[in-house]
Amino acid sequence: MAIQFGYVTLFASAFPLGAALAFGCNLVELVSDLWKLTHVCRRPSATRRVPNIGVWGPVMQVMAAAAIFTNLTLFGLASDQLAAVVPSLFTTDEIDGRKAMLDGHGRYLVVLLVAMEHALLLVWLCAELLLTPAPRW
């Protein structure tokens with residue numbers, strides 16, 4: 001599950017359909033586990049109770065933070081999506097019609113990506129501080 005979370009979040013801008021495919025795979029796994037528990041195995045017993053998911057919590061947080069960097073890098077440097085958002089930084093190539101960065105405007109792209117990255121990290125930090133990790137009931 002952690003590997004699937006990593007693939008879906010780290011490369012969401014490169015393959016947006018990945019989240020839907022992961023959801024479909026999880027539904028198939030859910031149905032197969034349901035059939036296995038109701039027809040093949042005995043009811044599992046909880047031997048001990050744990051307060052949280054252990055070391056996987058920080059691993060998921062690191063993956064989520066890395067996803068911000070990888071998706072913004074893919075968004076800004078490896079795709080034509082940014083040319084649709086900020087067309088003043090790009091020009092259209094005459095030969096193949098692809099968007100190309102105007103000479104001398106690369107620094108604006110870097111500043112824009114760093115600003116977007118800082119804004120997303122700030123939103124994530126605010127969510128971490130304002131939302132309670134577990135309900136108090």
# chains A, B, ... in the order shown; residues from 1 in each chain; ligands from 1

$ residues_around --residues "A:Tyr7" --least-positions-apart "4" --cutoff "12 Å" --atoms "only C-alpha atoms" --output "JSON, numbers by chain"
{"A": [1, 2, 3, 11, 12, 13, 14, 15, 16, 17, 18, 19, 21, 22, 60, 63, 64, 66, 67, 70, 71]}

$ select_by_dssp --residues "stretch 7-117 of chain A" --states "helix (DSSP H, G or I)" --output "PyMOL selection string"
chain A and resi 7-10+18-40+56-77+81-85+87-89+106-117

$ write_last_selection --atoms "C-alpha atoms" --output "PDB file, in the first residue's frame"
ATOM      1  CA  TYR A   7       3.599   5.871  -7.217  1.00  0.00           C
ATOM      2  CA  VAL A   8       0.283   7.702  -7.190  1.00  0.00           C
ATOM      3  CA  THR A   9       1.519  10.807  -5.378  1.00  0.00           C
ATOM      4  CA  LEU A  10       5.059  11.110  -6.699  1.00  0.00           C
ATOM      5  CA  GLY A  18      -2.811   6.313 -11.920  1.00  0.00           C
ATOM      6  CA  ALA A  19      -5.074   7.307  -9.030  1.00  0.00           C
ATOM      7  CA  ALA A  20      -8.140   5.827 -10.749  1.00  0.00           C
ATOM      8  CA  LEU A  21      -6.242   2.638 -11.571  1.00  0.00           C
ATOM      9  CA  ALA A  22      -5.001   2.366  -7.982  1.00  0.00           C
ATOM     10  CA  PHE A  23      -8.573   2.821  -6.741  1.00  0.00           C
ATOM     11  CA  GLY A  24      -9.781   0.064  -9.069  1.00  0.00           C
ATOM     12  CA  CYS A  25      -6.986  -2.266  -7.937  1.00  0.00           C
ATOM     13  CA  ASN A  26      -7.871  -1.589  -4.292  1.00  0.00           C
ATOM     14  CA  LEU A  27     -11.531  -2.426  -4.989  1.00  0.00           C
ATOM     15  CA  VAL A  28     -10.544  -5.732  -6.606  1.00  0.00           C
ATOM     16  CA  GLU A  29      -8.273  -6.513  -3.653  1.00  0.00           C
ATOM     17  CA  LEU A  30     -11.057  -5.591  -1.221  1.00  0.00           C
ATOM     18  CA  VAL A  31     -13.506  -7.958  -2.896  1.00  0.00           C
ATOM     19  CA  SER A  32     -10.974 -10.799  -3.053  1.00  0.00           C
ATOM     20  CA  ASP A  33     -10.037 -10.329   0.610  1.00  0.00           C
ATOM     21  CA  LEU A  34     -13.723 -10.269   1.542  1.00  0.00           C
ATOM     22  CA  TRP A  35     -14.317 -13.547  -0.278  1.00  0.00           C
ATOM     23  CA  LYS A  36     -11.215 -15.082   1.277  1.00  0.00           C
ATOM     24  CA  LEU A  37     -12.246 -14.083   4.811  1.00  0.00           C
ATOM     25  CA  THR A  38     -15.831 -15.275   4.411  1.00  0.00           C
ATOM     26  CA  HIS A  39     -15.251 -18.540   2.543  1.00  0.00           C
ATOM     27  CA  VAL A  40     -11.686 -19.752   3.042  1.00  0.00           C
ATOM     28  CA  TRP A  56       4.747   4.084   8.167  1.00  0.00           C
ATOM     29  CA  GLY A  57       3.305   7.458   9.265  1.00  0.00           C
ATOM     30  CA  PRO A  58       6.582   9.372   8.851  1.00  0.00           C
ATOM     31  CA  VAL A  59       7.312   7.412   5.656  1.00  0.00           C
ATOM     32  CA  MET A  60       4.010   8.619   4.175  1.00  0.00           C
ATOM     33  CA  GLN A  61       4.765  12.198   5.252  1.00  0.00           C
ATOM     34  CA  VAL A  62       8.174  12.109   3.568  1.00  0.00           C
ATOM     35  CA  MET A  63       6.577  10.725   0.408  1.00  0.00           C
ATOM     36  CA  ALA A  64       3.928  13.458   0.457  1.00  0.00           C
ATOM     37  CA  ALA A  65       6.594  16.154   0.821  1.00  0.00           C
ATOM     38  CA  ALA A  66       8.670  14.597  -1.961  1.00  0.00           C
ATOM     39  CA  ALA A  67       5.545  14.492  -4.130  1.00  0.00           C
ATOM     40  CA  ILE A  68       5.321  18.278  -3.979  1.00  0.00           C
ATOM     41  CA  PHE A  69       8.832  18.605  -5.371  1.00  0.00           C
ATOM     42  CA  THR A  70       8.562  15.904  -8.036  1.00  0.00           C
ATOM     43  CA  ASN A  71       5.181  17.018  -9.330  1.00  0.00           C
ATOM     44  CA  LEU A  72       6.212  20.662  -9.549  1.00  0.00           C
ATOM     45  CA  THR A  73       9.433  19.700 -11.312  1.00  0.00           C
ATOM     46  CA  LEU A  74       7.536  17.556 -13.801  1.00  0.00           C
ATOM     47  CA  PHE A  75       4.934  20.295 -14.182  1.00  0.00           C
ATOM     48  CA  GLY A  76       7.469  23.028 -14.840  1.00  0.00           C
ATOM     49  CA  LEU A  77      10.321  21.358 -16.677  1.00  0.00           C
ATOM     50  CA  GLN A  81       1.269  22.428 -18.898  1.00  0.00           C
ATOM     51  CA  LEU A  82       3.048  25.508 -17.559  1.00  0.00           C
ATOM     52  CA  ALA A  83       2.966  27.105 -21.018  1.00  0.00           C
ATOM     53  CA  ALA A  84      -0.837  27.108 -20.770  1.00  0.00           C
ATOM     54  CA  VAL A  85      -0.736  28.750 -17.339  1.00  0.00           C
ATOM     55  CA  PRO A  87       2.092  31.869 -21.831  1.00  0.00           C
ATOM     56  CA  SER A  88       4.213  35.023 -21.577  1.00  0.00           C
ATOM     57  CA  LEU A  89       7.300  32.935 -20.702  1.00  0.00           C
ATOM     58  CA  GLY A 106      14.420  30.573 -17.238  1.00  0.00           C
ATOM     59  CA  ARG A 107      15.019  32.411 -13.983  1.00  0.00           C
ATOM     60  CA  TYR A 108      11.349  33.414 -13.869  1.00  0.00           C
ATOM     61  CA  LEU A 109      10.389  29.783 -14.253  1.00  0.00           C
ATOM     62  CA  VAL A 110      12.623  28.785 -11.335  1.00  0.00           C
ATOM     63  CA  VAL A 111      11.232  31.581  -9.153  1.00  0.00           C
ATOM     64  CA  LEU A 112       7.675  30.591 -10.070  1.00  0.00           C
ATOM     65  CA  LEU A 113       8.283  26.923  -9.239  1.00  0.00           C
ATOM     66  CA  VAL A 114       9.992  27.745  -5.924  1.00  0.00           C
ATOM     67  CA  ALA A 115       7.115  30.082  -4.995  1.00  0.00           C
ATOM     68  CA  MET A 116       4.548  27.397  -5.824  1.00  0.00           C
ATOM     69  CA  GLU A 117       6.535  24.830  -3.833  1.00  0.00           C
TER      70      GLU A 117
END

$ atom_distance --atom1 "atom CA of A:Gly54" --atom2 "atom CA of A:His118"
28.1 Å

$ atom_distance --atom1 "atom CA of A:Val50" --atom2 "atom CA of A:Phe5"
21.9 Å

$ select_by_dssp --residues "chain A" --states "strand (DSSP E or B)" --output "list in words"
Phe90, Thr91, Thr92, Lys99, Ala100 and Met101 of chain A
